[in-house]
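So this one's query-v1.txt, compact mmCIF, C-alpha atoms and all ligand atoms:
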```txt
# COMPACT_ATOMS: atom_id res chain seq x y z
CA MET C 1 -49.62 40.11 -6.96
CA ALA C 2 -46.34 40.13 -5.00
CA SER C 3 -43.37 39.49 -7.25
CA THR C 4 -39.61 38.91 -7.03
CA SER C 5 -37.06 41.31 -8.49
CA SER C 6 -37.01 39.17 -11.69
CA GLY C 7 -40.76 39.70 -12.13
CA SER C 8 -41.88 36.16 -11.28
CA SER C 9 -44.61 35.83 -8.69
CA TYR C 10 -43.63 34.17 -5.44
CA LYS C 11 -46.11 31.43 -6.30
CA GLU C 12 -44.25 30.75 -9.57
CA VAL C 13 -40.92 30.65 -7.74
CA ALA C 14 -42.34 28.22 -5.18
CA GLN C 15 -43.68 25.98 -7.96
CA ARG C 16 -40.33 26.04 -9.71
CA MET C 17 -38.52 25.16 -6.46
CA LYS C 18 -40.90 22.24 -5.92
CA LEU C 19 -40.28 20.98 -9.45
CA ILE C 20 -36.51 21.19 -8.93
CA GLN C 21 -36.79 19.27 -5.65
CA GLU C 22 -38.89 16.57 -7.34
CA GLN C 23 -36.36 16.27 -10.14
CA GLN C 24 -33.50 16.07 -7.65
CA LYS C 25 -35.30 13.21 -5.93
CA LYS C 26 -35.69 11.48 -9.30
CA VAL C 27 -31.96 11.93 -10.00
CA VAL C 28 -31.14 10.28 -6.67
CA GLU C 29 -33.48 7.34 -7.40
CA ASN C 30 -32.24 6.98 -10.98
CA MET C 31 -28.55 7.14 -10.08
CA LYS C 32 -28.97 4.62 -7.25
CA LYS C 33 -29.70 2.01 -9.93
CA ILE C 34 -26.16 2.39 -11.33
CA LYS C 35 -23.35 0.75 -9.40
CA TYR C 36 -20.42 2.93 -10.46
CA LYS C 37 -20.64 6.55 -11.53
CA ILE C 38 -17.35 8.04 -12.67
CA ALA C 39 -16.70 11.56 -13.95
CA VAL C 40 -13.72 12.33 -16.18
CA LEU C 41 -12.20 15.62 -15.13
CA SER C 42 -9.43 18.03 -16.05
CA SER C 43 -9.31 21.76 -15.67
CA LYS C 44 -7.59 22.12 -19.02
CA GLY C 45 -9.25 21.89 -22.42
CA GLY C 46 -8.16 19.65 -25.26
CA VAL C 47 -6.16 17.14 -23.21
CA GLY C 48 -8.26 14.21 -24.40
CA LYS C 49 -10.97 13.86 -21.73
CA SER C 50 -13.66 12.91 -24.24
CA PHE C 51 -11.36 10.46 -26.01
CA VAL C 52 -10.36 8.90 -22.68
CA THR C 53 -14.04 8.71 -21.64
CA VAL C 54 -15.21 6.87 -24.77
CA SER C 55 -12.15 4.61 -24.94
CA LEU C 56 -12.38 3.63 -21.28
CA ALA C 57 -16.11 3.03 -21.75
CA ALA C 58 -15.42 0.75 -24.72
CA ALA C 59 -12.67 -1.08 -22.80
CA LEU C 60 -14.97 -1.65 -19.81
CA ALA C 61 -17.66 -2.96 -22.18
CA VAL C 62 -15.18 -5.35 -23.81
CA LYS C 63 -14.33 -6.52 -20.27
CA GLY C 64 -17.97 -7.53 -19.90
CA ARG C 65 -19.40 -4.55 -18.05
CA LYS C 66 -22.60 -2.77 -19.06
CA VAL C 67 -21.63 0.82 -19.69
CA GLY C 68 -23.31 4.15 -20.33
CA VAL C 69 -21.68 7.42 -21.37
CA PHE C 70 -23.16 10.77 -20.45
CA ASP C 71 -21.73 13.82 -22.17
CA ALA C 72 -22.16 16.66 -19.69
CA ASP C 73 -20.25 19.10 -21.91
CA VAL C 74 -23.23 21.24 -22.79
CA HIS C 75 -21.30 23.83 -24.83
CA GLY C 76 -18.95 21.53 -26.71
CA PRO C 77 -20.44 18.04 -26.78
CA SER C 78 -18.19 15.67 -28.71
CA VAL C 79 -18.78 12.19 -27.29
CA HIS C 80 -21.63 11.43 -29.71
CA LYS C 81 -19.43 12.36 -32.68
CA MET C 82 -16.52 10.25 -31.47
CA LEU C 83 -19.00 7.38 -31.25
CA GLY C 84 -20.25 7.95 -34.78
CA LEU C 85 -23.61 9.52 -33.91
CA PRO C 86 -24.72 12.62 -35.84
CA THR C 87 -25.63 15.85 -34.11
CA GLY C 88 -29.40 16.23 -34.11
CA LEU C 89 -30.16 12.51 -34.09
CA GLY C 90 -32.39 13.02 -31.05
CA LEU C 91 -33.12 10.82 -28.06
CA PRO C 92 -36.24 8.63 -28.07
CA ALA C 93 -38.79 9.76 -25.47
CA ARG C 94 -41.15 7.14 -24.09
CA ALA C 95 -44.81 7.64 -23.21
CA ASP C 96 -43.97 7.33 -19.50
CA GLY C 97 -41.71 10.38 -19.74
CA THR C 98 -38.41 8.51 -19.65
CA ILE C 99 -35.70 8.99 -22.26
CA GLU C 100 -33.88 6.17 -24.03
CA PRO C 101 -30.14 6.35 -24.63
CA ILE C 102 -28.77 5.51 -28.09
CA GLU C 103 -26.81 2.26 -28.22
CA VAL C 104 -23.57 1.92 -30.18
CA PRO C 105 -21.01 -0.91 -30.41
CA PRO C 106 -19.69 -2.47 -28.20
CA GLY C 107 -23.04 -2.07 -26.41
CA LEU C 108 -22.46 1.45 -25.05
CA LYS C 109 -25.48 3.54 -24.12
CA VAL C 110 -24.97 7.18 -25.02
CA VAL C 111 -26.66 10.41 -23.96
CA SER C 112 -25.43 13.82 -25.07
CA VAL C 113 -26.85 17.30 -25.45
CA GLY C 114 -25.22 17.12 -28.90
CA LEU C 115 -27.87 14.63 -29.96
CA LEU C 116 -30.53 17.20 -29.16
CA LEU C 117 -28.98 20.18 -30.99
CA PRO C 118 -30.14 20.78 -34.57
CA THR C 119 -26.65 21.25 -36.08
CA ASP C 120 -22.96 21.25 -35.13
CA GLU C 121 -22.92 25.01 -35.57
CA THR C 122 -25.78 25.62 -33.13
CA PRO C 123 -24.22 27.37 -30.14
CA VAL C 124 -25.64 26.64 -26.74
CA ILE C 125 -26.05 30.06 -25.17
CA TRP C 126 -27.21 29.08 -21.74
CA ARG C 127 -26.40 30.59 -18.40
CA GLY C 128 -25.59 28.44 -15.39
CA PRO C 129 -29.15 27.69 -14.20
CA LEU C 130 -30.27 26.51 -17.64
CA LYS C 131 -27.24 24.25 -18.00
CA THR C 132 -27.82 22.85 -14.55
CA SER C 133 -31.46 22.14 -15.33
CA ALA C 134 -30.61 20.41 -18.65
CA ILE C 135 -28.11 18.14 -16.87
CA ARG C 136 -30.54 17.53 -14.00
CA GLU C 137 -33.39 16.58 -16.34
CA LEU C 138 -31.26 14.16 -18.31
CA LEU C 139 -29.93 12.58 -15.12
CA ALA C 140 -33.48 12.27 -13.81
CA PHE C 141 -35.27 10.93 -16.86
CA VAL C 142 -32.82 8.81 -18.88
CA ASP C 143 -33.54 5.12 -18.38
CA TRP C 144 -30.05 3.60 -18.45
CA GLY C 145 -31.47 0.09 -18.26
CA GLY C 146 -29.35 -1.70 -15.72
CA ILE C 147 -25.83 -0.51 -16.57
CA ASP C 148 -22.91 -1.19 -14.22
CA TYR C 149 -20.87 1.91 -15.09
CA LEU C 150 -21.84 5.44 -16.03
CA LEU C 151 -18.91 7.47 -17.36
CA ILE C 152 -19.52 11.20 -17.39
CA ASP C 153 -17.53 13.39 -19.75
CA LEU C 154 -17.10 16.91 -18.42
CA PRO C 155 -16.07 20.14 -20.10
CA PRO C 156 -12.76 21.70 -19.03
CA GLY C 157 -12.74 23.69 -15.82
CA THR C 158 -14.44 23.54 -12.47
CA GLY C 159 -17.66 25.40 -13.15
CA ASP C 160 -21.41 24.79 -13.37
CA GLU C 161 -21.33 21.38 -15.02
CA GLN C 162 -18.72 19.93 -12.65
CA LEU C 163 -20.48 21.30 -9.58
CA THR C 164 -23.85 20.06 -10.81
CA ILE C 165 -22.55 16.53 -11.35
CA ALA C 166 -20.68 16.43 -8.04
CA GLN C 167 -23.61 17.76 -6.05
CA LEU C 168 -26.48 16.02 -7.83
CA ILE C 169 -25.19 12.48 -8.08
CA PRO C 170 -25.33 10.71 -4.76
CA GLN C 171 -22.36 8.51 -4.04
CA LEU C 172 -20.44 9.55 -7.13
CA THR C 173 -17.90 6.73 -7.19
CA GLY C 174 -15.16 9.15 -8.05
CA VAL C 175 -13.35 11.13 -10.71
CA ILE C 176 -10.62 10.17 -13.11
CA LEU C 177 -8.19 12.99 -13.82
CA VAL C 178 -6.73 13.40 -17.30
CA THR C 179 -3.62 15.40 -18.08
CA ILE C 180 -0.95 15.71 -20.71
CA PRO C 181 2.66 15.84 -19.54
CA SER C 182 3.16 19.61 -19.96
CA GLU C 183 3.80 21.77 -16.89
CA VAL C 184 0.81 23.96 -17.79
CA SER C 185 -1.54 21.00 -17.92
CA LYS C 186 -0.04 19.64 -14.71
CA SER C 187 -0.61 22.85 -12.80
CA VAL C 188 -4.16 23.04 -14.10
CA VAL C 189 -5.07 19.43 -13.32
CA LEU C 190 -3.98 20.11 -9.74
CA LYS C 191 -6.92 22.49 -9.59
CA ALA C 192 -9.23 19.68 -10.66
CA ALA C 193 -7.75 17.48 -7.94
CA ALA C 194 -8.26 20.22 -5.35
CA PHE C 195 -11.83 20.71 -6.60
CA ALA C 196 -12.59 16.98 -6.16
CA ARG C 197 -11.12 17.04 -2.65
CA LYS C 198 -13.10 20.10 -1.66
CA LEU C 199 -16.33 18.41 -2.71
CA ASN C 200 -15.30 15.17 -0.99
CA VAL C 201 -15.36 13.23 -4.25
CA PRO C 202 -12.82 10.40 -4.31
CA ILE C 203 -10.12 10.49 -6.98
CA ILE C 204 -9.94 7.06 -8.62
CA GLY C 205 -6.70 7.88 -10.40
CA ILE C 206 -4.94 9.83 -13.09
CA VAL C 207 -4.43 9.07 -16.79
CA GLU C 208 -1.67 10.71 -18.79
CA ASN C 209 -2.62 11.28 -22.41
CA MET C 210 -0.26 12.18 -25.28
CA THR C 211 2.69 10.88 -23.26
CA TYR C 212 5.03 10.26 -26.21
CA PHE C 213 5.15 9.80 -29.93
CA GLU C 214 6.74 6.63 -31.21
CA CYS C 215 8.55 6.75 -34.55
CA PRO C 216 8.43 3.77 -36.92
CA ASP C 217 12.02 2.93 -35.79
CA GLY C 218 10.69 2.49 -32.23
CA SER C 219 12.29 5.64 -30.78
CA LYS C 220 10.04 7.51 -28.36
CA HIS C 221 9.76 11.29 -28.28
CA TYR C 222 8.34 12.94 -25.19
CA ILE C 223 6.95 15.96 -26.98
CA PHE C 224 5.14 17.56 -24.04
CA GLY C 225 7.68 16.65 -21.35
CA LYS C 226 7.93 13.67 -19.08
CA GLY C 227 6.55 12.35 -15.82
CA ALA C 228 3.91 14.94 -14.92
CA ALA C 229 1.07 12.51 -14.17
CA LYS C 230 3.32 10.23 -12.13
CA GLU C 231 4.46 13.22 -10.07
CA ILE C 232 0.84 14.22 -9.43
CA ALA C 233 -0.06 10.64 -8.51
CA GLU C 234 2.76 10.59 -5.95
CA GLN C 235 2.05 14.05 -4.61
CA PHE C 236 -1.65 13.30 -4.10
CA ASN C 237 -1.19 9.64 -3.25
CA ILE C 238 -3.60 8.58 -5.97
CA PRO C 239 -3.30 5.66 -8.39
CA TYR C 240 -1.48 6.23 -11.66
CA LEU C 241 -3.77 4.49 -14.12
CA GLY C 242 -1.66 4.57 -17.27
CA GLU C 243 -0.35 6.49 -20.23
CA ILE C 244 -1.66 6.88 -23.78
CA PRO C 245 0.77 7.68 -26.60
CA ILE C 246 0.18 10.28 -29.29
CA ASP C 247 -1.12 8.46 -32.34
CA PRO C 248 -2.35 10.35 -35.42
CA ARG C 249 -4.85 7.55 -36.02
CA ILE C 250 -6.62 8.61 -32.81
CA ARG C 251 -7.40 12.05 -34.18
CA GLU C 252 -8.39 10.60 -37.55
CA ALA C 253 -10.71 7.99 -36.03
CA ASN C 254 -12.31 10.52 -33.67
CA ASP C 255 -12.90 12.97 -36.50
CA ALA C 256 -14.39 10.23 -38.68
CA GLY C 257 -16.73 9.06 -35.90
CA LYS C 258 -15.03 5.68 -35.67
CA ILE C 259 -14.31 4.19 -32.27
CA PHE C 260 -10.50 4.06 -32.16
CA PHE C 261 -10.49 1.35 -29.51
CA LEU C 262 -12.49 -0.97 -31.78
CA GLU C 263 -10.76 0.03 -35.03
CA TYR C 264 -7.22 -0.47 -33.70
CA PRO C 265 -7.44 -3.06 -30.93
CA ASP C 266 -3.74 -3.95 -31.27
CA SER C 267 -2.48 -0.36 -30.91
CA LYS C 268 -0.53 0.62 -27.80
CA ALA C 269 -3.26 3.11 -26.91
CA SER C 270 -6.02 0.49 -27.00
CA LYS C 271 -3.95 -1.95 -24.96
CA ALA C 272 -3.32 0.83 -22.45
CA PHE C 273 -7.06 1.41 -22.18
CA LEU C 274 -7.64 -2.27 -21.44
CA SER C 275 -5.09 -2.06 -18.64
CA ILE C 276 -6.64 1.21 -17.35
CA ALA C 277 -10.08 -0.45 -17.39
CA GLU C 278 -8.70 -3.36 -15.35
CA LYS C 279 -7.20 -0.97 -12.81
CA VAL C 280 -10.43 1.02 -12.54
CA MET C 281 -12.42 -2.19 -12.05
CA GLU C 282 -9.96 -3.35 -9.40
CA ILE C 283 -10.18 -0.03 -7.56
CA VAL C 284 -13.93 0.51 -7.63
CA GLU C 285 -15.21 -3.08 -7.59
CA LYS C 286 -12.76 -4.81 -5.31
CA GLN C 287 -11.36 -2.10 -3.09
CA GLY C 288 -14.62 -0.11 -3.04
CA GLY C 289 -14.81 3.27 -4.78
CA ALA C 290 -15.36 5.20 -1.58
CA GLN C 291 -11.82 4.54 -0.47
CA ALA C 292 -10.21 5.44 -3.76
CA GLY C 293 -8.02 8.49 -3.54
CA GLN C 294 -8.60 8.90 0.16
CA GLY C 295 -4.93 9.59 0.55
CA ALA C 296 -5.26 12.73 -1.54
CA GLN C 297 -4.69 15.43 1.03
N1 LIG W 301 -3.38 10.39 -27.67
C1 LIG W 301 -3.80 11.12 -28.70
N2 LIG W 301 -3.14 11.13 -29.88
C2 LIG W 301 -3.57 11.89 -30.92
N3 LIG W 301 -4.67 12.68 -30.89
C3 LIG W 301 -5.36 12.72 -29.73
C4 LIG W 301 -4.97 11.95 -28.58
N4 LIG W 301 -5.88 12.18 -27.58
C5 LIG W 301 -6.77 13.05 -28.08
N5 LIG W 301 -6.47 13.37 -29.36
C6 LIG W 301 -7.17 14.35 -30.22
O1 LIG W 301 -7.02 15.61 -29.55
C7 LIG W 301 -8.20 16.39 -29.70
C8 LIG W 301 -8.76 16.74 -28.30
O2 LIG W 301 -9.25 15.54 -27.68
P1 LIG W 301 -10.60 15.56 -26.84
O3 LIG W 301 -11.69 16.21 -27.61
O4 LIG W 301 -10.82 14.18 -26.34
O5 LIG W 301 -10.13 16.52 -25.65
P2 LIG W 301 -11.00 17.16 -24.48
O6 LIG W 301 -10.10 17.27 -23.31
O7 LIG W 301 -12.25 16.39 -24.32
O8 LIG W 301 -11.32 18.58 -25.10
P3 LIG W 301 -12.38 19.67 -24.51
O9 LIG W 301 -11.67 20.29 -23.34
O10 LIG W 301 -12.57 20.60 -25.64
O11 LIG W 301 -13.60 18.92 -24.11
C9 LIG W 301 -9.16 15.55 -30.54
O12 LIG W 301 -9.01 15.93 -31.88
C10 LIG W 301 -8.67 14.13 -30.33
O13 LIG W 301 -8.98 13.30 -31.43
MG MG W 302 -14.24 17.02 -24.39
```
Mind turning the file's structure into structure tokens?
Amino acid sequence: MASTSSGSSYKEVAQRMKLIQEQQKKVVENMKKIKYKIAVLSSKGGVGKSFVTVSLAAALAVKGRKVGVFDADVHGPSVHKMLGLPTGLGLPARADGTIEPIEVPPGLKVVSVGLLLPTDETPVIWRGPLKTSAIRELLAFVDWGGIDYLLIDLPPGTGDEQLTIAQLIPQLTGVILVTIPSEVSKSVVLKAAAFARKLNVPIIGIVENMTYFECPDGSKHYIFGKGAAKEIAEQFNIPYLGEIPIDPRIREANDAGKIFFLEYPDSKASKAFLSIAEKVMEIVEKQGGAQAGQGAQ
């Protein structure tokens, strides 16, 4: 039988291609049911993308929106842990082949590869195509049950996962960029902005995390520098969504699997997330997501 260089028969390759096309169709149908699909992006690691994703999701839910969170960080999933869900919990599969998200307060629906891994120490050693197919299958078969917003947490960089999300999800409402004020982070987030532009994905705005640390006497210390996100917002003509201070309770809550936004609603960070949620709602619901970030040239 004729075979490809990888040893598969041409018939097998054709079958596989057909399956992929069918799944892609399912992704399109499934994603059409969700009004706003927003990916959280930054080329740099550890700047707080996952924290921003879950906090913004919680803030949108408190504002009365139905929200889902999809952790597309296949190698380092952390959203489930920040939301208090153990690795290995699993995702309920229904008889009709659809997958049910796990629901956590305040009514967030969560899907993460982390829920499917046996332990925290289990490394995901997948090459690009396998990662792409895992993301595609979850996007195709999860029944999000009538949510308004799907927030997608991405790993750092502009690789397989980012490309898969940008290319698979039709009418991705846009991306939210996250940076810290350092020059290094700034230069790297510019790459993420350029990536979004290249793929014609609107930029909804930029969030600056770890902007300052406030001492008990009220003095503010700009540990990583000052003004980077505002400069990027001006340079790219994109909305500046807000700033989140450094707060040791954030790290503690995230590590303990407690939702910071719900544990400390009166903190400056949580209030900032409410304001960011309002801005995002204003941009995507009133102005229409397709226009957001159009000025980014
Ligand atoms: N404003 C903040 N103040 C204090 N700690 C924070 C703040 N934001 C995030 N953290 C902590 O910093 C660490 C990195 O945050 P997070 O995991 O959200 O970053 P990330 O950008 O998603 O990382 P990765 O690139 O690995 O996915 C976590 O321990 C988190 O709890
Ligand atoms: Mg992360």
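With all atoms listed in the file as the atoms that count, the residue of C:Gly45, C:Gly76, C:Pro86, C:Gly205 with the shortest distance to ligand LIG 301 (chain W) is C:Gly45.
One distance worth recording is that between atom CA of Ser112 of chain C and atom CA of Glu278 of chain C, which is 25.9 Å.
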message: Quick one: residues within 12 Å of Leu60 of chain C, all atoms listed in the file, excluding same-chain residues fewer than 6 positions away - as number ranges by chain?
response: C: 36, 52-54, 66-69, 106-108, 147-151, 261, 270, 273-282
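In terms of minimum interatomic distance to ligand MG 302 (chain W), C:Asn254 ranks closest within C:Asn200, C:Asn254, C:Gln21, C:Asn30, counting only C-alpha atoms and all ligand atoms.
Between atom CA of Ser219 of chain C and atom C3 of ligand LIG 301 (chain W) lies a distance of 19.0 Å.
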If we count all atoms listed in the file and set the cut-off at 12 Å, which residues sit around Arg251 of chain C, ignoring sequence neighbours fewer than 5 positions away in its own chain? Please answer as a compact mmCIF listing (two decimals) with C-alpha atoms, in the frame of the given file.
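The new file part_5.txt reads:
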```txt
# COMPACT_ATOMS: atom_id res chain seq x y z
CA GLY C 46 -8.16 19.65 -25.26
CA GLY C 48 -8.26 14.21 -24.40
CA SER C 50 -13.66 12.91 -24.24
CA PHE C 51 -11.36 10.46 -26.01
CA MET C 82 -16.52 10.25 -31.47
CA MET C 210 -0.26 12.18 -25.28
CA PRO C 245 0.77 7.68 -26.60
CA ILE C 246 0.18 10.28 -29.29
CA ALA C 256 -14.39 10.23 -38.68
CA GLY C 257 -16.73 9.06 -35.90
CA LYS C 258 -15.03 5.68 -35.67
CA ILE C 259 -14.31 4.19 -32.27
CA PHE C 260 -10.50 4.06 -32.16
```
message: What does the structure give for the distance between atom CA of Glu214 of chain C and atom CA of Gln235 of chain C, in Å to one decimal?
response: 28.0 Å
N, CA and C atoms restored at segment 25-59 of chain C, emitted as an mmCIF file, keeping the file's coordinate frame:
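out_29.cif written:
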```cif
data_model
loop_
_atom_site.group_PDB
_atom_site.id
_atom_site.type_symbol
_atom_site.label_atom_id
_atom_site.label_comp_id
_atom_site.auth_asym_id
_atom_site.auth_seq_id
_atom_site.Cartn_x
_atom_site.Cartn_y
_atom_site.Cartn_z
ATOM 1 N N LYS C 25 -34.944 14.509 -6.518
ATOM 2 C CA LYS C 25 -35.300 13.210 -5.930
ATOM 3 C C LYS C 25 -35.207 12.120 -6.985
ATOM 4 N N LYS C 26 -35.707 12.451 -8.201
ATOM 5 C CA LYS C 26 -35.690 11.480 -9.300
ATOM 6 C C LYS C 26 -34.239 11.148 -9.679
ATOM 7 N N VAL C 27 -33.371 12.178 -9.675
ATOM 8 C CA VAL C 27 -31.960 11.930 -10.000
ATOM 9 C C VAL C 27 -31.389 10.925 -9.002
ATOM 10 N N VAL C 28 -31.668 11.170 -7.717
ATOM 11 C CA VAL C 28 -31.140 10.280 -6.670
ATOM 12 C C VAL C 28 -31.616 8.846 -6.906
ATOM 13 N N GLU C 29 -32.923 8.692 -7.166
ATOM 14 C CA GLU C 29 -33.480 7.340 -7.400
ATOM 15 C C GLU C 29 -32.843 6.710 -8.631
ATOM 16 N N ASN C 30 -32.752 7.498 -9.701
ATOM 17 C CA ASN C 30 -32.240 6.980 -10.980
ATOM 18 C C ASN C 30 -30.772 6.574 -10.856
ATOM 19 N N MET C 31 -29.995 7.408 -10.180
ATOM 20 C CA MET C 31 -28.550 7.140 -10.080
ATOM 21 C C MET C 31 -28.255 5.982 -9.125
ATOM 22 N N LYS C 32 -29.167 5.743 -8.180
ATOM 23 C CA LYS C 32 -28.970 4.620 -7.250
ATOM 24 C C LYS C 32 -28.960 3.293 -7.984
ATOM 25 N N LYS C 33 -29.613 3.279 -9.172
ATOM 26 C CA LYS C 33 -29.700 2.010 -9.930
ATOM 27 C C LYS C 33 -28.370 1.660 -10.586
ATOM 28 N N ILE C 34 -27.443 2.636 -10.645
ATOM 29 C CA ILE C 34 -26.160 2.390 -11.330
ATOM 30 C C ILE C 34 -25.069 2.193 -10.284
ATOM 31 N N LYS C 35 -24.329 1.079 -10.449
ATOM 32 C CA LYS C 35 -23.350 0.750 -9.400
ATOM 33 C C LYS C 35 -22.214 1.773 -9.320
ATOM 34 N N TYR C 36 -21.622 2.084 -10.477
ATOM 35 C CA TYR C 36 -20.420 2.930 -10.460
ATOM 36 C C TYR C 36 -20.612 4.143 -11.368
ATOM 37 N N LYS C 37 -20.467 5.318 -10.767
ATOM 38 C CA LYS C 37 -20.640 6.550 -11.530
ATOM 39 C C LYS C 37 -19.326 7.319 -11.472
ATOM 40 N N ILE C 38 -18.702 7.477 -12.629
ATOM 41 C CA ILE C 38 -17.350 8.040 -12.670
ATOM 42 C C ILE C 38 -17.323 9.244 -13.601
ATOM 43 N N ALA C 39 -16.826 10.373 -13.106
ATOM 44 C CA ALA C 39 -16.700 11.560 -13.950
ATOM 45 C C ALA C 39 -15.246 11.716 -14.393
ATOM 46 N N VAL C 40 -15.071 12.129 -15.644
ATOM 47 C CA VAL C 40 -13.720 12.330 -16.180
ATOM 48 C C VAL C 40 -13.456 13.835 -16.181
ATOM 49 N N LEU C 41 -12.393 14.201 -15.487
ATOM 50 C CA LEU C 41 -12.200 15.620 -15.130
ATOM 51 C C LEU C 41 -10.786 16.103 -15.465
ATOM 52 N N SER C 42 -10.711 17.353 -15.886
ATOM 53 C CA SER C 42 -9.430 18.030 -16.050
ATOM 54 C C SER C 42 -9.747 19.500 -16.193
ATOM 55 N N SER C 43 -8.962 20.345 -15.553
ATOM 56 C CA SER C 43 -9.310 21.760 -15.670
ATOM 57 C C SER C 43 -8.977 22.289 -17.058
ATOM 58 N N LYS C 44 -8.077 21.590 -17.744
ATOM 59 C CA LYS C 44 -7.590 22.120 -19.020
ATOM 60 C C LYS C 44 -8.355 21.537 -20.203
ATOM 61 N N GLY C 45 -8.543 22.349 -21.236
ATOM 62 C CA GLY C 45 -9.250 21.890 -22.420
ATOM 63 C C GLY C 45 -8.317 21.160 -23.376
ATOM 64 N N GLY C 46 -8.895 20.285 -24.175
ATOM 65 C CA GLY C 46 -8.160 19.650 -25.260
ATOM 66 C C GLY C 46 -7.120 18.622 -24.869
ATOM 67 N N VAL C 47 -7.173 18.124 -23.636
ATOM 68 C CA VAL C 47 -6.160 17.140 -23.210
ATOM 69 C C VAL C 47 -6.590 15.705 -23.503
ATOM 70 N N GLY C 48 -7.805 15.553 -24.019
ATOM 71 C CA GLY C 48 -8.260 14.210 -24.400
ATOM 72 C C GLY C 48 -9.265 13.579 -23.454
ATOM 73 N N LYS C 49 -9.971 14.409 -22.669
ATOM 74 C CA LYS C 49 -10.970 13.860 -21.730
ATOM 75 C C LYS C 49 -12.026 13.030 -22.464
ATOM 76 N N SER C 50 -12.566 13.600 -23.544
ATOM 77 C CA SER C 50 -13.660 12.910 -24.240
ATOM 78 C C SER C 50 -13.140 11.609 -24.859
ATOM 79 N N PHE C 51 -11.950 11.671 -25.435
ATOM 80 C CA PHE C 51 -11.360 10.460 -26.010
ATOM 81 C C PHE C 51 -11.119 9.412 -24.926
ATOM 82 N N VAL C 52 -10.597 9.841 -23.789
ATOM 83 C CA VAL C 52 -10.360 8.900 -22.680
ATOM 84 C C VAL C 52 -11.702 8.321 -22.200
ATOM 85 N N THR C 53 -12.724 9.172 -22.106
ATOM 86 C CA THR C 53 -14.040 8.710 -21.640
ATOM 87 C C THR C 53 -14.581 7.607 -22.556
ATOM 88 N N VAL C 54 -14.596 7.871 -23.880
ATOM 89 C CA VAL C 54 -15.210 6.870 -24.770
ATOM 90 C C VAL C 54 -14.340 5.616 -24.869
ATOM 91 N N SER C 55 -13.028 5.782 -24.814
ATOM 92 C CA SER C 55 -12.150 4.610 -24.940
ATOM 93 C C SER C 55 -12.231 3.743 -23.692
ATOM 94 N N LEU C 56 -12.258 4.385 -22.529
ATOM 95 C CA LEU C 56 -12.380 3.630 -21.280
ATOM 96 C C LEU C 56 -13.750 2.929 -21.231
ATOM 97 N N ALA C 57 -14.769 3.634 -21.712
ATOM 98 C CA ALA C 57 -16.110 3.030 -21.750
ATOM 99 C C ALA C 57 -16.091 1.786 -22.626
ATOM 100 N N ALA C 58 -15.471 1.897 -23.802
ATOM 101 C CA ALA C 58 -15.420 0.750 -24.720
ATOM 102 C C ALA C 58 -14.612 -0.397 -24.094
ATOM 103 N N ALA C 59 -13.512 -0.045 -23.430
ATOM 104 C CA ALA C 59 -12.670 -1.080 -22.800
ATOM 105 C C ALA C 59 -13.438 -1.788 -21.682
#
```
